[in-house]
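Colleague: my_file06.cif (mmCIF, C-alpha atoms and all ligand atoms) pasted underneath:
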```cif
data_entry
loop_
_atom_site.group_PDB
_atom_site.id
_atom_site.type_symbol
_atom_site.label_atom_id
_atom_site.label_comp_id
_atom_site.auth_asym_id
_atom_site.auth_seq_id
_atom_site.Cartn_x
_atom_site.Cartn_y
_atom_site.Cartn_z
ATOM 1 C CA MET B 1 13.903 37.363 19.633
ATOM 2 C CA ASP B 2 15.335 34.419 21.551
ATOM 3 C CA ILE B 3 16.553 31.453 19.522
ATOM 4 C CA TYR B 4 16.468 27.920 20.950
ATOM 5 C CA LYS B 5 17.938 24.834 19.337
ATOM 6 C CA ASN B 6 17.487 22.508 22.275
ATOM 7 C CA SER B 7 14.075 20.979 23.088
ATOM 8 C CA TYR B 8 14.612 20.723 26.832
ATOM 9 C CA SER B 9 15.638 24.410 27.149
ATOM 10 C CA ILE B 10 12.668 25.761 25.176
ATOM 11 C CA THR B 11 10.208 23.568 27.115
ATOM 12 C CA GLU B 12 11.618 24.864 30.410
ATOM 13 C CA LYS B 13 11.342 28.471 29.172
ATOM 14 C CA ILE B 14 7.727 27.943 28.048
ATOM 15 C CA LYS B 15 6.795 26.355 31.382
ATOM 16 C CA LEU B 16 8.217 29.409 33.139
ATOM 17 C CA LEU B 17 6.272 31.809 30.904
ATOM 18 C CA LYS B 18 3.070 29.835 31.507
ATOM 19 C CA LYS B 19 3.645 29.999 35.262
ATOM 20 C CA GLU B 20 3.742 33.783 34.868
ATOM 21 C CA GLY B 21 0.275 33.512 33.266
ATOM 22 C CA LYS B 22 1.445 34.147 29.678
ATOM 23 C CA SER B 23 -0.481 32.568 26.793
ATOM 24 C CA ILE B 24 1.569 30.869 24.075
ATOM 25 C CA GLY B 25 0.825 30.959 20.341
ATOM 26 C CA PHE B 26 2.745 28.640 18.027
ATOM 27 C CA VAL B 27 3.411 28.755 14.266
ATOM 28 C CA PRO B 28 5.233 25.679 12.908
ATOM 29 C CA THR B 29 7.018 26.248 9.570
ATOM 30 C CA MET B 30 9.668 24.751 7.327
ATOM 31 C CA GLY B 31 11.281 28.163 6.786
ATOM 32 C CA ALA B 32 11.813 30.050 3.506
ATOM 33 C CA LEU B 33 9.327 32.425 5.042
ATOM 34 C CA HIS B 34 6.894 34.523 3.014
ATOM 35 C CA GLN B 35 3.856 36.689 3.724
ATOM 36 C CA GLY B 36 1.682 33.575 4.220
ATOM 37 C CA HIS B 37 3.798 32.576 7.221
ATOM 38 C CA ILE B 38 3.905 36.173 8.488
ATOM 39 C CA SER B 39 0.088 36.335 8.418
ATOM 40 C CA LEU B 40 -0.015 33.340 10.798
ATOM 41 C CA ILE B 41 2.460 35.097 13.100
ATOM 42 C CA GLU B 42 0.335 38.264 13.053
ATOM 43 C CA CYS B 43 -2.724 36.215 13.946
ATOM 44 C CA SER B 44 -0.855 34.570 16.829
ATOM 45 C CA LYS B 45 0.445 37.927 18.070
ATOM 46 C CA ARG B 46 -3.059 39.385 18.172
ATOM 47 C CA ASN B 47 -4.306 36.558 20.383
ATOM 48 C CA ASN B 48 -1.390 35.501 22.601
ATOM 49 C CA ASP B 49 1.209 37.069 24.913
ATOM 50 C CA ILE B 50 4.096 35.119 23.416
ATOM 51 C CA THR B 51 4.523 33.866 19.849
ATOM 52 C CA VAL B 52 6.814 30.939 19.109
ATOM 53 C CA VAL B 53 7.797 30.065 15.522
ATOM 54 C CA SER B 54 9.606 26.866 14.595
ATOM 55 C CA ILE B 55 11.722 26.346 11.501
ATOM 56 C CA PHE B 56 12.369 22.696 10.734
ATOM 57 C CA VAL B 57 12.505 21.078 7.296
ATOM 58 C CA ASN B 58 10.961 17.787 8.331
ATOM 59 C CA PRO B 59 12.517 14.888 6.373
ATOM 60 C CA THR B 60 9.806 12.354 7.300
ATOM 61 C CA GLN B 61 7.099 14.247 5.394
ATOM 62 C CA PHE B 62 8.970 14.250 2.078
ATOM 63 C CA ASN B 63 7.996 11.258 -0.009
ATOM 64 C CA ASN B 64 10.307 12.500 -2.776
ATOM 65 C CA PRO B 65 14.052 12.759 -1.829
ATOM 66 C CA ASP B 66 14.660 15.240 -4.663
ATOM 67 C CA ASP B 67 11.961 17.561 -3.257
ATOM 68 C CA LEU B 68 13.638 17.437 0.188
ATOM 69 C CA GLN B 69 17.045 18.174 -1.262
ATOM 70 C CA LYS B 70 15.752 21.125 -3.361
ATOM 71 C CA TYR B 71 13.605 22.597 -0.573
ATOM 72 C CA PRO B 72 14.718 26.259 -0.099
ATOM 73 C CA ARG B 73 16.660 26.997 3.089
ATOM 74 C CA THR B 74 17.079 30.722 3.840
ATOM 75 C CA PHE B 75 17.766 30.904 7.565
ATOM 76 C CA GLU B 76 19.438 34.345 7.702
ATOM 77 C CA THR B 77 16.641 36.148 5.836
ATOM 78 C CA ASP B 78 14.044 34.144 7.793
ATOM 79 C CA LYS B 79 15.582 35.472 11.008
ATOM 80 C CA GLU B 80 15.352 39.057 9.731
ATOM 81 C CA LYS B 81 11.701 38.559 8.759
ATOM 82 C CA LEU B 82 10.897 37.082 12.172
ATOM 83 C CA ASN B 83 12.562 40.008 13.935
ATOM 84 C CA LEU B 84 10.554 42.450 11.807
ATOM 85 C CA ALA B 85 7.356 40.544 12.653
ATOM 86 C CA ASN B 86 8.233 40.803 16.363
ATOM 87 C CA CYS B 87 8.334 37.051 16.876
ATOM 88 C CA ASP B 88 9.278 36.366 20.512
ATOM 89 C CA ILE B 89 10.875 32.933 20.314
ATOM 90 C CA LEU B 90 12.335 30.956 17.415
ATOM 91 C CA PHE B 91 12.778 27.201 17.765
ATOM 92 C CA TYR B 92 15.373 26.004 15.245
ATOM 93 C CA PRO B 93 16.212 22.400 16.088
ATOM 94 C CA SER B 94 18.589 20.076 14.244
ATOM 95 C CA GLU B 95 17.352 16.834 12.700
ATOM 96 C CA LYS B 96 18.985 14.871 15.553
ATOM 97 C CA GLU B 97 17.124 16.960 18.123
ATOM 98 C CA ILE B 98 13.736 15.977 16.658
ATOM 99 C CA TYR B 99 14.680 12.463 15.540
ATOM 100 C CA PRO B 100 17.257 10.984 17.945
ATOM 101 C CA GLN B 101 18.832 7.749 16.692
ATOM 102 C CA ASN B 102 16.973 5.496 19.113
ATOM 103 C CA ASP B 103 13.641 7.083 18.177
ATOM 104 C CA SER B 104 11.008 4.634 16.901
ATOM 105 C CA ASN B 105 8.632 5.403 14.027
ATOM 106 C CA ILE B 106 5.165 6.475 15.085
ATOM 107 C CA SER B 107 2.181 5.358 13.042
ATOM 108 C CA PHE B 108 -1.063 7.374 13.114
ATOM 109 C CA ASP B 109 -4.480 6.173 12.046
ATOM 110 C CA LEU B 110 -5.635 9.036 9.832
ATOM 111 C CA GLY B 111 -8.718 7.336 8.361
ATOM 112 C CA ILE B 112 -9.619 8.459 4.840
ATOM 113 C CA LEU B 113 -7.319 11.494 5.121
ATOM 114 C CA ASP B 114 -4.380 9.270 4.259
ATOM 115 C CA SER B 115 -5.922 7.741 1.146
ATOM 116 C CA ILE B 116 -7.393 10.714 -0.740
ATOM 117 C CA MET B 117 -5.864 13.650 -2.624
ATOM 118 C CA GLU B 118 -2.510 14.548 -0.948
ATOM 119 C CA GLY B 119 -2.630 11.305 1.044
ATOM 120 C CA LYS B 120 -3.081 9.230 -2.094
ATOM 121 C CA HIS B 121 -0.444 11.028 -4.152
ATOM 122 C CA ARG B 122 2.170 11.452 -1.397
ATOM 123 C CA PRO B 123 2.387 8.108 0.458
ATOM 124 C CA GLY B 124 3.619 8.541 4.033
ATOM 125 C CA HIS B 125 3.464 12.343 3.823
ATOM 126 C CA PHE B 126 0.743 12.876 6.422
ATOM 127 C CA ASN B 127 2.191 10.347 8.823
ATOM 128 C CA GLY B 128 5.391 12.421 8.684
ATOM 129 C CA VAL B 129 3.418 15.640 9.250
ATOM 130 C CA ALA B 130 1.520 14.080 12.186
ATOM 131 C CA THR B 131 4.795 12.806 13.670
ATOM 132 C CA VAL B 132 6.592 16.148 13.572
ATOM 133 C CA VAL B 133 3.593 18.231 14.672
ATOM 134 C CA SER B 134 2.944 15.970 17.669
ATOM 135 C CA LYS B 135 6.630 16.165 18.646
ATOM 136 C CA LEU B 136 6.656 19.970 18.271
ATOM 137 C CA PHE B 137 3.399 20.334 20.221
ATOM 138 C CA LYS B 138 4.885 18.309 23.113
ATOM 139 C CA ILE B 139 8.019 20.486 23.111
ATOM 140 C CA VAL B 140 6.379 23.923 22.700
ATOM 141 C CA LEU B 141 3.206 23.223 24.747
ATOM 142 C CA PRO B 142 1.231 26.057 23.123
ATOM 143 C CA ASP B 143 -2.274 27.216 24.025
ATOM 144 C CA ASN B 144 -2.952 28.060 20.380
ATOM 145 C CA ALA B 145 -1.400 26.766 17.157
ATOM 146 C CA TYR B 146 -1.830 28.449 13.757
ATOM 147 C CA PHE B 147 -2.008 26.749 10.355
ATOM 148 C CA GLY B 148 -2.805 27.991 6.849
ATOM 149 C CA GLN B 149 -5.867 26.923 4.878
ATOM 150 C CA LYS B 150 -3.526 26.731 1.907
ATOM 151 C CA ASP B 151 -2.755 23.199 3.151
ATOM 152 C CA PHE B 152 -6.410 22.334 3.643
ATOM 153 C CA GLN B 153 -5.992 18.582 4.048
ATOM 154 C CA GLN B 154 -3.002 19.047 6.364
ATOM 155 C CA LEU B 155 -5.219 21.202 8.578
ATOM 156 C CA ALA B 156 -7.758 18.351 8.748
ATOM 157 C CA VAL B 157 -4.963 15.908 9.653
ATOM 158 C CA ILE B 158 -3.741 18.196 12.437
ATOM 159 C CA LYS B 159 -7.250 18.697 13.849
ATOM 160 C CA HIS B 160 -7.661 14.905 13.776
ATOM 161 C CA ILE B 161 -4.422 14.069 15.629
ATOM 162 C CA ASN B 162 -4.987 16.932 18.062
ATOM 163 C CA SER B 163 -8.349 15.504 19.140
ATOM 164 C CA GLU B 164 -7.498 11.797 18.822
ATOM 165 C CA TYR B 165 -3.891 11.608 20.069
ATOM 166 C CA LEU B 166 -2.996 14.872 21.831
ATOM 167 C CA LYS B 167 -6.187 15.779 23.709
ATOM 168 C CA ASN B 168 -4.409 16.127 27.060
ATOM 169 C CA LEU B 169 -2.234 18.970 25.720
ATOM 170 C CA ASN B 170 -5.329 21.214 25.379
ATOM 171 C CA ILE B 171 -4.203 22.999 22.237
ATOM 172 C CA ASN B 172 -6.613 25.064 20.089
ATOM 173 C CA ILE B 173 -6.049 24.725 16.357
ATOM 174 C CA ASN B 174 -6.623 27.973 14.442
ATOM 175 C CA ALA B 175 -7.027 28.172 10.657
ATOM 176 C CA CYS B 176 -5.830 31.230 8.714
ATOM 177 C CA LYS B 177 -6.822 32.269 5.196
ATOM 178 C CA ILE B 178 -4.702 31.740 2.086
ATOM 179 C CA ILE B 179 -2.361 34.612 1.230
ATOM 180 C CA ARG B 180 -1.831 35.089 -2.509
ATOM 181 C CA GLU B 181 0.583 36.864 -4.848
ATOM 182 C CA LYS B 182 -0.807 39.783 -6.908
ATOM 183 C CA ASP B 183 -1.645 37.474 -9.818
ATOM 184 C CA GLY B 184 -3.515 35.072 -7.524
ATOM 185 C CA LEU B 185 -0.877 32.339 -7.115
ATOM 186 C CA ALA B 186 -1.044 31.017 -3.544
ATOM 187 C CA MET B 187 2.184 31.935 -1.741
ATOM 188 C CA SER B 188 4.454 28.954 -1.170
ATOM 189 C CA SER B 189 8.102 28.445 -0.270
ATOM 190 C CA ARG B 190 8.363 26.371 -3.462
ATOM 191 C CA ASN B 191 7.400 29.344 -5.695
ATOM 192 C CA VAL B 192 11.006 30.614 -5.661
ATOM 193 C CA LEU B 193 12.027 27.377 -7.400
ATOM 194 C CA LEU B 194 9.887 28.182 -10.463
ATOM 195 C CA SER B 195 11.747 29.472 -13.501
ATOM 196 C CA LYS B 196 10.302 32.557 -15.213
ATOM 197 C CA GLU B 197 8.023 30.846 -17.749
ATOM 198 C CA TYR B 198 6.687 28.344 -15.205
ATOM 199 C CA ARG B 199 6.077 31.127 -12.695
ATOM 200 C CA LYS B 200 4.128 33.107 -15.307
ATOM 201 C CA ASN B 201 1.981 30.106 -16.212
ATOM 202 C CA ALA B 202 1.421 29.070 -12.573
ATOM 203 C CA SER B 203 -1.073 31.931 -12.143
ATOM 204 C CA MET B 204 -3.470 29.778 -14.189
ATOM 205 C CA ILE B 205 -3.968 27.482 -11.167
ATOM 206 C CA SER B 206 -5.799 30.111 -9.120
ATOM 207 C CA GLU B 207 -7.538 31.517 -12.218
ATOM 208 C CA VAL B 208 -8.985 28.068 -12.956
ATOM 209 C CA ILE B 209 -10.176 27.398 -9.403
ATOM 210 C CA PHE B 210 -11.734 30.885 -9.061
ATOM 211 C CA GLU B 211 -13.542 30.343 -12.379
ATOM 212 C CA SER B 212 -14.566 26.827 -11.312
ATOM 213 C CA GLN B 213 -16.322 28.346 -8.292
ATOM 214 C CA LYS B 214 -18.503 30.421 -10.644
ATOM 215 C CA LEU B 215 -19.101 27.493 -13.006
ATOM 216 C CA SER B 216 -20.176 25.264 -10.094
ATOM 217 C CA LYS B 217 -23.510 27.156 -10.224
ATOM 218 C CA LYS B 218 -24.089 25.991 -13.811
ATOM 219 C CA LEU B 219 -22.303 22.676 -14.396
ATOM 220 C CA SER B 220 -22.594 19.232 -12.782
ATOM 221 C CA VAL B 221 -19.638 17.981 -10.700
ATOM 222 C CA GLY B 222 -18.537 15.701 -13.558
ATOM 223 C CA GLU B 223 -18.818 18.462 -16.176
ATOM 224 C CA LEU B 224 -16.864 20.862 -13.970
ATOM 225 C CA LYS B 225 -14.049 18.342 -13.468
ATOM 226 C CA ASN B 226 -13.858 17.790 -17.230
ATOM 227 C CA TRP B 227 -13.715 21.555 -17.779
ATOM 228 C CA VAL B 228 -10.746 21.823 -15.367
ATOM 229 C CA ILE B 229 -8.981 18.868 -17.018
ATOM 230 C CA SER B 230 -9.406 20.439 -20.467
ATOM 231 C CA LYS B 231 -8.019 23.807 -19.268
ATOM 232 C CA PHE B 232 -4.775 22.148 -18.150
ATOM 233 C CA GLU B 233 -4.549 20.014 -21.298
ATOM 234 C CA GLN B 234 -4.246 23.310 -23.174
ATOM 235 C CA ASN B 235 -1.213 24.478 -21.148
ATOM 236 C CA SER B 236 2.080 22.722 -21.876
ATOM 237 C CA TYR B 237 3.808 24.155 -18.781
ATOM 238 C CA LEU B 238 1.359 22.732 -16.267
ATOM 239 C CA GLU B 239 0.316 19.156 -15.552
ATOM 240 C CA LEU B 240 -2.795 18.533 -13.477
ATOM 241 C CA GLU B 241 -2.309 15.817 -10.841
ATOM 242 C CA TYR B 242 -5.797 15.985 -9.351
ATOM 243 C CA PHE B 243 -8.794 18.268 -9.000
ATOM 244 C CA ASP B 244 -11.231 16.990 -6.372
ATOM 245 C CA ILE B 245 -14.334 18.424 -4.765
ATOM 246 C CA VAL B 246 -14.865 17.272 -1.178
ATOM 247 C CA ASN B 247 -17.011 17.966 1.867
ATOM 248 C CA ASN B 248 -15.060 20.636 3.763
ATOM 249 C CA ILE B 249 -15.529 18.898 7.136
ATOM 250 C CA THR B 250 -15.281 15.163 6.403
ATOM 251 C CA LEU B 251 -13.243 15.568 3.172
ATOM 252 C CA GLU B 252 -15.381 12.871 1.598
ATOM 253 C CA GLN B 253 -15.651 13.077 -2.167
ATOM 254 C CA VAL B 254 -18.669 15.036 -3.457
ATOM 255 C CA ASN B 255 -20.157 13.604 -6.662
ATOM 256 C CA HIS B 256 -23.381 15.653 -6.695
ATOM 257 C CA TRP B 257 -23.783 19.229 -5.465
ATOM 258 C CA ASN B 258 -26.610 18.344 -3.047
ATOM 259 C CA GLU B 259 -24.381 15.882 -1.105
ATOM 260 C CA SER B 260 -22.847 18.601 1.053
ATOM 261 C CA ASN B 261 -23.579 22.190 2.082
ATOM 262 C CA THR B 262 -20.022 23.497 2.022
ATOM 263 C CA LYS B 263 -17.544 22.069 -0.383
ATOM 264 C CA VAL B 264 -13.889 22.674 -1.037
ATOM 265 C CA ALA B 265 -12.210 22.166 -4.397
ATOM 266 C CA CYS B 266 -8.596 21.036 -4.021
ATOM 267 C CA ILE B 267 -6.015 20.989 -6.763
ATOM 268 C CA ALA B 268 -2.438 19.772 -7.247
ATOM 269 C CA VAL B 269 -0.460 20.745 -10.328
ATOM 270 C CA TYR B 270 3.088 20.141 -11.512
ATOM 271 C CA ALA B 271 4.831 23.164 -12.989
ATOM 272 C CA GLY B 272 7.814 21.267 -14.453
ATOM 273 C CA ASN B 273 9.068 19.303 -11.458
ATOM 274 C CA ILE B 274 7.681 21.725 -8.858
ATOM 275 C CA ARG B 275 4.456 20.543 -7.261
ATOM 276 C CA LEU B 276 1.950 23.262 -6.306
ATOM 277 C CA ILE B 277 -1.341 22.944 -4.410
ATOM 278 C CA ASP B 278 -4.271 25.284 -3.904
ATOM 279 C CA ASN B 279 -7.930 25.148 -2.905
ATOM 280 C CA ILE B 280 -11.115 27.182 -2.818
ATOM 281 C CA ILE B 281 -14.309 26.946 -0.777
ATOM 282 C CA TYR B 282 -17.521 26.732 -2.881
HETATM 283 P P1 LIG F 301 5.295 25.401 5.457
HETATM 284 O O1 LIG F 301 6.473 26.193 5.879
HETATM 285 O O2 LIG F 301 5.066 25.377 3.991
HETATM 286 O O3 LIG F 301 5.246 24.038 6.106
HETATM 287 O O4 LIG F 301 4.023 26.162 6.025
HETATM 288 C C1 LIG F 301 3.918 26.512 7.369
HETATM 289 C C2 LIG F 301 2.529 27.029 7.626
HETATM 290 O O5 LIG F 301 2.268 28.160 6.808
HETATM 291 C C3 LIG F 301 1.436 25.993 7.296
HETATM 292 O O6 LIG F 301 0.436 26.051 8.278
HETATM 293 C C4 LIG F 301 0.943 26.461 5.960
HETATM 294 O O7 LIG F 301 -0.399 26.080 5.705
HETATM 295 C C5 LIG F 301 1.055 27.972 6.125
HETATM 296 N N1 LIG F 301 1.088 28.609 4.805
HETATM 297 C C6 LIG F 301 1.902 28.319 3.776
HETATM 298 N N2 LIG F 301 1.598 29.070 2.703
HETATM 299 C C7 LIG F 301 0.553 29.856 3.063
HETATM 300 C C8 LIG F 301 -0.235 30.837 2.390
HETATM 301 N N3 LIG F 301 -0.009 31.174 1.115
HETATM 302 N N4 LIG F 301 -1.225 31.432 3.078
HETATM 303 C C9 LIG F 301 -1.481 31.094 4.366
HETATM 304 N N5 LIG F 301 -0.782 30.170 5.064
HETATM 305 C C10 LIG F 301 0.218 29.559 4.411
#
```
I'd like the structure from this file rewritten - as structure tokens, please.

Modeller:
Amino acid sequence: MDIYKNSYSITEKIKLLKKEGKSIGFVPTMGALHQGHISLIECSKRNNDITVVSIFVNPTQFNNPDDLQKYPRTFETDKEKLNLANCDILFYPSEKEIYPQNDSNISFDLGILDSIMEGKHRPGHFNGVATVVSKLFKIVLPDNAYFGQKDFQQLAVIKHINSEYLKNLNININACKIIREKDGLAMSSRNVLLSKEYRKNASMISEVIFESQKLSKKLSVGELKNWVISKFEQNSYLELEYFDIVNNITLEQVNHWNESNTKVACIAVYAGNIRLIDNIIY
């Protein structure tokens, strides 16, 4: 695996590979890699000649400085995992490389995406995501980019900026399914930060959303939301931030089941001071 830290050098290398007719798949990450990330790499490897992974803990998407400071950084083990997964190229830029001092802030119009669920509870988060992804796309110039459905709203944001702001790059956005731990907890780099009791209790998040899918056949939207709220009120380790049911394409709130054919239920929960998200398609 080749490692690049410099944007200019990796862009030149990619241009060369493209001239040779090679297709480029790209998996952006913030490191602390787990099987969820590896599944995206496997998907890219199946469909492209060359797979590029980036590791960059993007400061502009953290609305909470404490969360940024605590975010796990495990570069040496990440490198081993990438070698095992047969990743071809790793892009590992410094903060200065992505955000030079004379760089101006970019502001994206994200429509409702910025004011609901993650957008509402993490002000500025998606603008930071859109900023870094557009910078990385312009550096890596992939044919295909791979993102997890675990971050369902982020995926919608990326599809939006790709079609509204980055059309000329001709990048296909590919969505990959959520990879879970044995007990159902969605894999996340933040899971390693959970102490034993919180980790044990965190499995309730997926249990509740799986059960909510079944109950959606019997209860009204309002009744189902109240059921979810009451489940978390009974657990002193977990604090529900939101549970919302939205149209899976527009992400508009669904208040009655007949408002949309396919719905997605999205949840955010605090386990102590660690924030976890998950979702399920109904
Ligand atoms: P992150 O490093 O958390 O920014 O995630 C990088 C990419 O991996 C994003 O596209 C995430 O949606 C994806 N990802 C994270 N966790 C999972 C998971 N459990 N299953 C599938 N994809 C995931």

Colleague: Enumerate, as a short mmCIF file (atom, residue, chain, number, x, y, z; two decimals) with C-alpha atoms, in the frame of the given file, the residues matched when the PyMOL selection byres (((chain B and resi 34) around 9) and not hetatm) is run on the file above.

Modeller:
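In the end it all went to selection03.cif:
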```
data_model
loop_
_atom_site.label_atom_id
_atom_site.label_comp_id
_atom_site.auth_asym_id
_atom_site.auth_seq_id
_atom_site.Cartn_x
_atom_site.Cartn_y
_atom_site.Cartn_z
CA GLY B 31 11.28 28.16 6.79
CA ALA B 32 11.81 30.05 3.51
CA LEU B 33 9.33 32.42 5.04
CA GLN B 35 3.86 36.69 3.72
CA GLY B 36 1.68 33.58 4.22
CA HIS B 37 3.80 32.58 7.22
CA ILE B 38 3.90 36.17 8.49
CA SER B 39 0.09 36.34 8.42
CA ASP B 78 14.04 34.14 7.79
CA LYS B 81 11.70 38.56 8.76
CA MET B 187 2.18 31.94 -1.74
CA SER B 188 4.45 28.95 -1.17
CA SER B 189 8.10 28.44 -0.27
#
```

Colleague: Name the closest residue to Lys96 in chain B among the candidates B:Asn172, B:Lys5, B:Phe108, B:Ile24; distances are taken between atoms, counting all atoms listed in the file.

Modeller: B:Lys5

Colleague: Skipping near chain neighbours, those fewer than 4 positions away, what residues fall within 12 Å of Ser230 in chain B using all atoms listed in the file, listed as a list in words?

Modeller: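 Result of the neighbour search: Val208, Glu223, Leu224, Lys225, Asn226, Gln234, Asn235, Ser236, Leu238, Glu239, Leu240 and Phe243 of chain B.
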
Colleague: Pick out the residues sitting within 8 Å of Lys159 in chain B, and hand them over as a list in words; count only C-alpha atoms, and ignore anything fewer than 4 positions along from it in its own chain.

Modeller: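 The neighbour list is Leu155, Ser163 and Ile173 of chain B.
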
Colleague: What does the distance between CA of Asp183 in chain B and CA of Phe210 in chain B come to in Å, to one decimal place?

Modeller: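 Pair CA of Asp183 in chain B / CA of Phe210 in chain B returns 12.1 Å.
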
Colleague: Could you work out an axis-aligned bounding box for all listed atoms of range 242-245 of chain B, with 3 Å added on each of the six sides, and give its centre and edge lengths in Å to one decimal, as lines of an AutoDock Vina configuration file?

Modeller:
```
center_x = -10.1
center_y = 17.2
center_z = -7.1
size_x = 14.5
size_y = 8.4
size_z = 10.6
```

Colleague: Could you jot down the CA of Lys150 in chain B to CA of Ile249 in chain B separation for me, Å, one decimal place?

Modeller: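 Computed distance, CA of Lys150 in chain B to CA of Ile249 in chain B, equals 15.3 Å.
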
Colleague: By how many Å are CA of His160 in chain B and CA of Gly111 in chain B apart?

Modeller: 9.4 Å

Colleague: Taking the file as shown, find all residues satisfying the PyMOL selection byres (((chain B and resi 68-71) around 12) and not hetatm) and write them as a ChimeraX atom specification.

Modeller: /B:30-32,56-67,72-74,125,188-194,273-275

Colleague: Since we have the selection now, will you write its residues out, keeping C-alpha atoms, as an mmCIF file, keeping the file's coordinate frame?

Modeller:
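Written file, part.cif:
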```cif
data_model
loop_
_atom_site.group_PDB
_atom_site.id
_atom_site.type_symbol
_atom_site.label_atom_id
_atom_site.label_comp_id
_atom_site.auth_asym_id
_atom_site.auth_seq_id
_atom_site.Cartn_x
_atom_site.Cartn_y
_atom_site.Cartn_z
ATOM 1 C CA MET B 30 9.668 24.751 7.327
ATOM 2 C CA GLY B 31 11.281 28.163 6.786
ATOM 3 C CA ALA B 32 11.813 30.050 3.506
ATOM 4 C CA PHE B 56 12.369 22.696 10.734
ATOM 5 C CA VAL B 57 12.505 21.078 7.296
ATOM 6 C CA ASN B 58 10.961 17.787 8.331
ATOM 7 C CA PRO B 59 12.517 14.888 6.373
ATOM 8 C CA THR B 60 9.806 12.354 7.300
ATOM 9 C CA GLN B 61 7.099 14.247 5.394
ATOM 10 C CA PHE B 62 8.970 14.250 2.078
ATOM 11 C CA ASN B 63 7.996 11.258 -0.009
ATOM 12 C CA ASN B 64 10.307 12.500 -2.776
ATOM 13 C CA PRO B 65 14.052 12.759 -1.829
ATOM 14 C CA ASP B 66 14.660 15.240 -4.663
ATOM 15 C CA ASP B 67 11.961 17.561 -3.257
ATOM 16 C CA PRO B 72 14.718 26.259 -0.099
ATOM 17 C CA ARG B 73 16.660 26.997 3.089
ATOM 18 C CA THR B 74 17.079 30.722 3.840
ATOM 19 C CA HIS B 125 3.464 12.343 3.823
ATOM 20 C CA SER B 188 4.454 28.954 -1.170
ATOM 21 C CA SER B 189 8.102 28.445 -0.270
ATOM 22 C CA ARG B 190 8.363 26.371 -3.462
ATOM 23 C CA ASN B 191 7.400 29.344 -5.695
ATOM 24 C CA VAL B 192 11.006 30.614 -5.661
ATOM 25 C CA LEU B 193 12.027 27.377 -7.400
ATOM 26 C CA LEU B 194 9.887 28.182 -10.463
ATOM 27 C CA ASN B 273 9.068 19.303 -11.458
ATOM 28 C CA ILE B 274 7.681 21.725 -8.858
ATOM 29 C CA ARG B 275 4.456 20.543 -7.261
#
```

Colleague: Near Asp2 in chain B, within 12 Å and counting all atoms listed in the file, which residues show up once chain neighbours fewer than 2 positions away are dropped, as a ChimeraX atom specification?

Modeller: /B:4-5,9-10,13-14,50-54,79,82-83,86-92

Colleague: Can you work out which one of B:Gln154, B:Asn248, B:Gln253, B:Gln213 has the shortest atom-to-atom distance to ligand LIG 301 (chain F), counting all atoms listed in the file?

Modeller: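 So, comparing all the options, the nearest one is B:Gln154.
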
Colleague: Please list, as a PyMOL selection string, the residues that have an atom at most 12 Å away from (3.6, 33.6, -12.8) in the coordinates of this file, counting all atoms listed in the file.

Modeller: chain B and resi 180-187+191-207+237-238+271

Colleague: Go ahead and write the selection's residues with C-alpha atoms as an mmCIF file, keeping the file's coordinate frame.

Modeller:
```cif
data_model
loop_
_atom_site.group_PDB
_atom_site.id
_atom_site.type_symbol
_atom_site.label_atom_id
_atom_site.label_comp_id
_atom_site.auth_asym_id
_atom_site.auth_seq_id
_atom_site.Cartn_x
_atom_site.Cartn_y
_atom_site.Cartn_z
ATOM 1 C CA ARG B 180 -1.831 35.089 -2.509
ATOM 2 C CA GLU B 181 0.583 36.864 -4.848
ATOM 3 C CA LYS B 182 -0.807 39.783 -6.908
ATOM 4 C CA ASP B 183 -1.645 37.474 -9.818
ATOM 5 C CA GLY B 184 -3.515 35.072 -7.524
ATOM 6 C CA LEU B 185 -0.877 32.339 -7.115
ATOM 7 C CA ALA B 186 -1.044 31.017 -3.544
ATOM 8 C CA MET B 187 2.184 31.935 -1.741
ATOM 9 C CA ASN B 191 7.400 29.344 -5.695
ATOM 10 C CA VAL B 192 11.006 30.614 -5.661
ATOM 11 C CA LEU B 193 12.027 27.377 -7.400
ATOM 12 C CA LEU B 194 9.887 28.182 -10.463
ATOM 13 C CA SER B 195 11.747 29.472 -13.501
ATOM 14 C CA LYS B 196 10.302 32.557 -15.213
ATOM 15 C CA GLU B 197 8.023 30.846 -17.749
ATOM 16 C CA TYR B 198 6.687 28.344 -15.205
ATOM 17 C CA ARG B 199 6.077 31.127 -12.695
ATOM 18 C CA LYS B 200 4.128 33.107 -15.307
ATOM 19 C CA ASN B 201 1.981 30.106 -16.212
ATOM 20 C CA ALA B 202 1.421 29.070 -12.573
ATOM 21 C CA SER B 203 -1.073 31.931 -12.143
ATOM 22 C CA MET B 204 -3.470 29.778 -14.189
ATOM 23 C CA ILE B 205 -3.968 27.482 -11.167
ATOM 24 C CA SER B 206 -5.799 30.111 -9.120
ATOM 25 C CA GLU B 207 -7.538 31.517 -12.218
ATOM 26 C CA TYR B 237 3.808 24.155 -18.781
ATOM 27 C CA LEU B 238 1.359 22.732 -16.267
ATOM 28 C CA ALA B 271 4.831 23.164 -12.989
#
```
